[in-house]
Amino acid sequence: MFGNHYFKMPIEKTWRWFGFNDTVTLRELKQIGVEGIVTSLHHLKPGEIWEVAEIKRVQDEIGKEGLRWSVVESLPVSEEIKLNSVKSSEHIENYKRSLINLSKCGIDTVCYNFMPVLDWVRTDLQYRDRDGSETMLFDLITFALFDIYILKRAGAERDYSSEILSRAKERYGQMNDDEKEKLAYNIIVYTQGFVNSAVTDSEDYISLFTRALNRYSAIDKAVLRNHFSIFIKEVVPVAEQYGIRLCIHPDDPAFPLLGLPRMAGSIEDFEWIFSQAASVANGFTLCTGSLASRFGNDPVEFVKRFSERIHFVHLRNIQFLNEGSFFESGHIDGSVDMYEVVRLLLNELHTRQKADRSDLRLPMRVDHGKKILSDFSRESNPGYPLIGRLKGLAEISGLIAGVERGMREYTNSNRSK
């Protein structure tokens with residue numbers, strides 16, 4: 001199964017660090033066994049060039065603790081590129097220049113997404129699990145009432161079943177004004193920092209958000225795919241030339257919302273994405289939680305189908321409450337077969353070693369985490385508490401070590417026969 005020998009190639013343990021203002025310090029991350037840092041130039045707007053000096057400033061800070069900047073998450077794709085607006089060509093050229101500058105600094109893995117307007121979406125950022133920990137929930141009924149009654153998007157009712165519409169109307173009638181405001185703020189602003197930065201005194205964030213949605217009124221999935229194709233065919237040759245591995249992040253959740261098209265949520269979607277540029281530089285981020293959020297998706301199948309194009313890994317788990325509702329259940333407990341995901345990833349690393357590929361380092365971060373213990377008294381971005389992620393890192397590290405040992409013992413026993 002593993003050939004004549006087993007080459008031990010551990011998955012690189014990385015951590016998302018939100019820069020100089022992060023309440024978790026780089027020194028703390030080194031103490032807990034983190035090997036690589038996942039971060040971004042958060043102060044730059046999408047479409048701007050990442051200059052070498054700015055990259056080096058962050059990279060040098062990371063290097064002071066003996067850590068490496070392992071993955072850029074994200075080099076954001078601007079809305080102008082997604083819309084193929086008059087500014088798209090300029091922004092694509094800036095993107096290519098940023099990739100070249102990252103290469104000059106020795107950074108070779110770039111995560112991005114192609115989700116219009118919204119990034120990841122949850123309806124409850126303080127969902128209590130049975131053990132008393134705090135996690136995040138997506139509930140389709142709650143999202144429907146936000147869409148129909150708070151956002152008041154034209155034609156929103158057509159996107160939901162009669163049962164969802166009935167329950168959304170009933171639940172909305174039970175909410176007070178503070179609950180409605182909190183729901184809207186969490187979806188639009190708190191988890192979407194780029195929207196917050198654009199709010200002015202003369203325009204409330206709901207109006208701003210509605211304007212952003214309206215820019216996509218004539219864009220369906222086919223059109224969005226075409227815009228992606230233009231982008232990826234421009235940037236992949238540059239990435240390949242300069243040794244950069246691009247990895248698109250799946251949609252989260254992995255299905256359309258708010259009438260917006262989404263194009264990275266299914267096996268068929270990723271087959272199409274990879275068909276647009278044959279180079280392995282056109283890869284993806286295996287985010288088990290995002291992929292599992294689409295009812296019927298199995299992240300294990302994505303690993304089996306597309307293992308050679310996995311350049312970055314997000315490991316987290318979800319648990320469905322029903323077909324339209326799920327919560328983030330930790331890292332090894334939930335709907336995702338995390339053991340099989342890890343086993344297949346380690347097998348892929350072994351395959352790469354045999355093929356003499358250059359990408360033998362596979363960075364992985366535990367994605368999101370549940371608030372536990374002292375997390376309740378420490379500030380953090382939604383989904384990114386220190387202790388909850390540390391628990392996840394310990395669980396996943398133990399799983400990796402166990403699977404690695406099993407693979408070695410299997411190989412050794414076969415060799416002795």
# chains A, B, ... in the order shown; residues from 1 in each chain; ligands from 1
call {"tool": "residues_around", "arguments": {"residues": "Asn21 (chain A)", "least_positions_apart": "4", "cutoff": "12 Å", "atoms": "only C-alpha atoms", "output": "ChimeraX atom specification"}}
result
/A:17,25-26,42-43,379-381
call {"tool": "closest_atom_pairs", "arguments": {"of": "region 300-355 of chain A", "to": "region 121-142 of chain A", "cutoff": "7 Å", "atoms": "only C-alpha atoms", "output": "tab-separated table"}}
result
residue	atom	partner	partner_atom	distance
A:Gly324	CA	A:Leu140	CA	5.1
A:Ser325	CA	A:Asp139	CA	4.3
A:Phe326	CA	A:Phe138	CA	5.5
A:Phe327	CA	A:Leu137	CA	4.2
A:Glu328	CA	A:Met136	CA	5.7
call {"tool": "write_last_selection", "arguments": {"atoms": "C-alpha atoms", "output": "mmCIF file, in the first residue's frame"}}
result
data_model
loop_
_atom_site.group_PDB
_atom_site.id
_atom_site.type_symbol
_atom_site.label_atom_id
_atom_site.label_comp_id
_atom_site.auth_asym_id
_atom_site.auth_seq_id
_atom_site.Cartn_x
_atom_site.Cartn_y
_atom_site.Cartn_z
ATOM 1 C CA GLY A 324 -30.607 23.561 6.917
ATOM 2 C CA SER A 325 -28.827 23.983 10.221
ATOM 3 C CA PHE A 326 -25.347 23.063 11.450
ATOM 4 C CA PHE A 327 -22.936 24.138 14.159
ATOM 5 C CA GLU A 328 -19.172 23.940 14.473
#
call {"tool": "residues_around", "arguments": {"residues": "Phe228 (chain A)", "least_positions_apart": "4", "cutoff": "9 Å", "atoms": "only C-alpha atoms", "output": "NGL selection string"}}
result
:A and (81-82 or 84 or 114 or 223-224 or 232-233 or 273 or 276)
call {"tool": "write_last_selection", "arguments": {"atoms": "N, CA and C atoms", "output": "PDB file, in the first residue's frame"}}
result
ATOM      1  N   ILE A  81     -12.636  42.421  -9.685  1.00  0.00           N
ATOM      2  CA  ILE A  81     -12.261  41.251 -10.472  1.00  0.00           C
ATOM      3  C   ILE A  81     -13.445  40.303 -10.600  1.00  0.00           C
ATOM      4  N   LYS A  82     -14.136  40.077  -9.494  1.00  0.00           N
ATOM      5  CA  LYS A  82     -15.290  39.169  -9.522  1.00  0.00           C
ATOM      6  C   LYS A  82     -16.392  39.702 -10.442  1.00  0.00           C
ATOM      7  N   ASN A  84     -15.732  41.696 -13.006  1.00  0.00           N
ATOM      8  CA  ASN A  84     -15.118  42.008 -14.303  1.00  0.00           C
ATOM      9  C   ASN A  84     -15.440  43.442 -14.713  1.00  0.00           C
ATOM     10  N   PHE A 114     -13.336  33.243  -3.997  1.00  0.00           N
ATOM     11  CA  PHE A 114     -14.039  33.945  -5.077  1.00  0.00           C
ATOM     12  C   PHE A 114     -15.518  34.088  -4.734  1.00  0.00           C
ATOM     13  N   VAL A 223     -21.952  33.475 -15.409  1.00  0.00           N
ATOM     14  CA  VAL A 223     -21.201  34.719 -15.607  1.00  0.00           C
ATOM     15  C   VAL A 223     -20.057  34.810 -14.598  1.00  0.00           C
ATOM     16  N   LEU A 224     -20.343  34.449 -13.346  1.00  0.00           N
ATOM     17  CA  LEU A 224     -19.281  34.479 -12.334  1.00  0.00           C
ATOM     18  C   LEU A 224     -18.164  33.508 -12.717  1.00  0.00           C
ATOM     19  N   ILE A 232      -8.184  33.433 -13.423  1.00  0.00           N
ATOM     20  CA  ILE A 232      -7.266  32.321 -13.157  1.00  0.00           C
ATOM     21  C   ILE A 232      -6.327  32.081 -14.333  1.00  0.00           C
ATOM     22  N   LYS A 233      -6.793  32.313 -15.551  1.00  0.00           N
ATOM     23  CA  LYS A 233      -5.930  32.135 -16.718  1.00  0.00           C
ATOM     24  C   LYS A 233      -4.850  33.219 -16.799  1.00  0.00           C
ATOM     25  N   ILE A 273     -13.267  24.236 -11.997  1.00  0.00           N
ATOM     26  CA  ILE A 273     -12.202  25.166 -11.614  1.00  0.00           C
ATOM     27  C   ILE A 273     -10.845  24.680 -12.113  1.00  0.00           C
ATOM     28  N   GLN A 276      -9.902  24.963 -15.856  1.00  0.00           N
ATOM     29  CA  GLN A 276      -9.586  26.271 -16.416  1.00  0.00           C
ATOM     30  C   GLN A 276      -8.084  26.542 -16.505  1.00  0.00           C
TER      31      GLN A 276
END
call {"tool": "residues_around", "arguments": {"residues": "region 67-76 of chain A", "least_positions_apart": "6", "cutoff": "7 Å", "atoms": "only C-alpha atoms", "output": "ChimeraX atom specification"}}
result
/A:35-40,46,59,107,109-112
call {"tool": "closest_residue", "arguments": {"among": "A:Val341, A:Phe284, A:Lys180, A:Leu315", "to": "Glu301 (chain A)", "atoms": "only C-alpha atoms"}}
result
A:Val341
call {"tool": "residues_around", "arguments": {"residues": "region 291-297 of chain A", "least_positions_apart": "2", "cutoff": "6 Å", "atoms": "only C-alpha atoms", "output": "PyMOL selection string"}}
result
chain A and resi 253-254+288-289
call {"tool": "residues_around", "arguments": {"residues": "Asn101 (chain A)", "least_positions_apart": "6", "cutoff": "10 Å", "atoms": "only C-alpha atoms", "output": "PyMOL selection string"}}
result
chain A and resi 49-56+95+107+242
call {"tool": "closest_residue", "arguments": {"among": "A:Arg153, A:Arg158, A:Ile100, A:Arg27", "to": "Lys64 (chain A)", "atoms": "only C-alpha atoms"}}
result
A:Arg27
call {"tool": "decode", "arguments": {"residues": "region 117-217 of chain A", "atoms": "C-alpha atoms", "output": "mmCIF file, in the first residue's frame"}}
result
data_model
loop_
_atom_site.group_PDB
_atom_site.id
_atom_site.type_symbol
_atom_site.label_atom_id
_atom_site.label_comp_id
_atom_site.auth_asym_id
_atom_site.auth_seq_id
_atom_site.Cartn_x
_atom_site.Cartn_y
_atom_site.Cartn_z
ATOM 1 C CA VAL A 117 -19.713 40.226 -1.280
ATOM 2 C CA LEU A 118 -19.908 37.809 1.657
ATOM 3 C CA ASP A 119 -17.175 35.627 3.057
ATOM 4 C CA TRP A 120 -18.205 32.952 5.577
ATOM 5 C CA VAL A 121 -21.679 33.262 7.135
ATOM 6 C CA ARG A 122 -23.091 32.248 10.513
ATOM 7 C CA THR A 123 -26.377 33.315 12.118
ATOM 8 C CA ASP A 124 -25.359 32.757 15.767
ATOM 9 C CA LEU A 125 -21.831 33.486 16.986
ATOM 10 C CA GLN A 126 -22.615 32.408 20.563
ATOM 11 C CA TYR A 127 -24.312 29.042 20.161
ATOM 12 C CA ARG A 128 -23.984 26.926 23.306
ATOM 13 C CA ASP A 129 -23.061 23.303 22.817
ATOM 14 C CA ARG A 130 -24.135 20.664 25.340
ATOM 15 C CA ASP A 131 -20.780 20.830 27.151
ATOM 16 C CA GLY A 132 -21.176 24.562 27.833
ATOM 17 C CA SER A 133 -18.653 25.656 25.215
ATOM 18 C CA GLU A 134 -19.539 28.465 22.837
ATOM 19 C CA THR A 135 -19.428 27.917 19.098
ATOM 20 C CA MET A 136 -21.042 29.176 15.890
ATOM 21 C CA LEU A 137 -24.248 28.127 14.162
ATOM 22 C CA PHE A 138 -25.766 28.548 10.728
ATOM 23 C CA ASP A 139 -29.543 28.231 10.694
ATOM 24 C CA LEU A 140 -31.406 28.595 7.412
ATOM 25 C CA ILE A 141 -34.648 29.793 9.021
ATOM 26 C CA THR A 142 -32.851 32.601 10.823
ATOM 27 C CA PHE A 143 -30.939 33.496 7.677
ATOM 28 C CA ALA A 144 -34.191 33.579 5.697
ATOM 29 C CA LEU A 145 -35.798 36.017 8.142
ATOM 30 C CA PHE A 146 -32.701 38.220 7.922
ATOM 31 C CA ASP A 147 -32.875 38.138 4.129
ATOM 32 C CA ILE A 148 -36.633 38.760 3.852
ATOM 33 C CA TYR A 149 -37.544 40.984 6.805
ATOM 34 C CA ILE A 150 -34.342 42.801 7.818
ATOM 35 C CA LEU A 151 -32.450 43.146 4.560
ATOM 36 C CA LYS A 152 -35.732 43.190 2.579
ATOM 37 C CA ARG A 153 -34.016 41.899 -0.553
ATOM 38 C CA ALA A 154 -36.303 42.022 -3.573
ATOM 39 C CA GLY A 155 -37.523 38.558 -4.551
ATOM 40 C CA ALA A 156 -35.939 36.856 -1.524
ATOM 41 C CA GLU A 157 -39.067 34.764 -0.887
ATOM 42 C CA ARG A 158 -38.455 32.822 -4.098
ATOM 43 C CA ASP A 159 -35.253 31.304 -2.642
ATOM 44 C CA TYR A 160 -36.919 29.445 0.235
ATOM 45 C CA SER A 161 -39.461 26.662 0.650
ATOM 46 C CA SER A 162 -42.959 27.376 1.957
ATOM 47 C CA GLU A 163 -42.057 25.709 5.247
ATOM 48 C CA ILE A 164 -38.971 27.883 5.712
ATOM 49 C CA LEU A 165 -40.987 31.002 4.836
ATOM 50 C CA SER A 166 -43.661 30.150 7.402
ATOM 51 C CA ARG A 167 -41.183 29.426 10.191
ATOM 52 C CA ALA A 168 -39.088 32.491 9.344
ATOM 53 C CA LYS A 169 -42.151 34.748 9.601
ATOM 54 C CA GLU A 170 -43.092 33.216 12.943
ATOM 55 C CA ARG A 171 -39.577 33.527 14.365
ATOM 56 C CA TYR A 172 -39.186 37.119 13.171
ATOM 57 C CA GLY A 173 -42.381 38.038 14.999
ATOM 58 C CA GLN A 174 -40.846 36.725 18.227
ATOM 59 C CA MET A 175 -37.655 38.825 17.980
ATOM 60 C CA ASN A 176 -37.140 42.181 19.654
ATOM 61 C CA ASP A 177 -35.353 45.115 18.040
ATOM 62 C CA ASP A 178 -32.039 44.413 19.759
ATOM 63 C CA GLU A 179 -32.038 40.811 18.503
ATOM 64 C CA LYS A 180 -32.757 41.964 14.953
ATOM 65 C CA GLU A 181 -29.961 44.514 15.081
ATOM 66 C CA LYS A 182 -27.497 42.003 16.497
ATOM 67 C CA LEU A 183 -28.303 39.468 13.777
ATOM 68 C CA ALA A 184 -27.795 42.007 10.998
ATOM 69 C CA TYR A 185 -24.606 43.390 12.528
ATOM 70 C CA ASN A 186 -23.078 39.932 12.981
ATOM 71 C CA ILE A 187 -23.779 38.850 9.399
ATOM 72 C CA ILE A 188 -22.844 42.085 7.647
ATOM 73 C CA VAL A 189 -20.218 43.753 9.815
ATOM 74 C CA TYR A 190 -18.747 41.675 12.627
ATOM 75 C CA THR A 191 -17.666 38.758 10.429
ATOM 76 C CA GLN A 192 -17.065 40.918 7.316
ATOM 77 C CA GLY A 193 -14.492 43.545 8.250
ATOM 78 C CA PHE A 194 -14.256 45.020 4.772
ATOM 79 C CA VAL A 195 -17.879 46.173 5.018
ATOM 80 C CA ASN A 196 -17.302 47.838 8.369
ATOM 81 C CA SER A 197 -14.331 49.782 7.017
ATOM 82 C CA ALA A 198 -16.484 51.296 4.284
ATOM 83 C CA VAL A 199 -19.370 52.496 6.482
ATOM 84 C CA THR A 200 -19.707 56.274 6.639
ATOM 85 C CA ASP A 201 -21.749 58.551 8.853
ATOM 86 C CA SER A 202 -24.069 59.299 5.947
ATOM 87 C CA GLU A 203 -24.868 55.696 5.060
ATOM 88 C CA ASP A 204 -25.817 52.826 7.358
ATOM 89 C CA TYR A 205 -24.232 49.427 6.861
ATOM 90 C CA ILE A 206 -27.435 47.762 5.651
ATOM 91 C CA SER A 207 -27.747 50.276 2.810
ATOM 92 C CA LEU A 208 -24.093 49.834 1.952
ATOM 93 C CA PHE A 209 -24.500 46.065 1.942
ATOM 94 C CA THR A 210 -27.590 46.276 -0.271
ATOM 95 C CA ARG A 211 -25.670 48.385 -2.791
ATOM 96 C CA ALA A 212 -22.914 45.759 -2.855
ATOM 97 C CA LEU A 213 -25.486 43.021 -3.514
ATOM 98 C CA ASN A 214 -27.152 45.034 -6.269
ATOM 99 C CA ARG A 215 -23.906 45.146 -8.241
ATOM 100 C CA TYR A 216 -24.409 41.417 -8.825
ATOM 101 C CA SER A 217 -28.034 41.657 -9.951
#
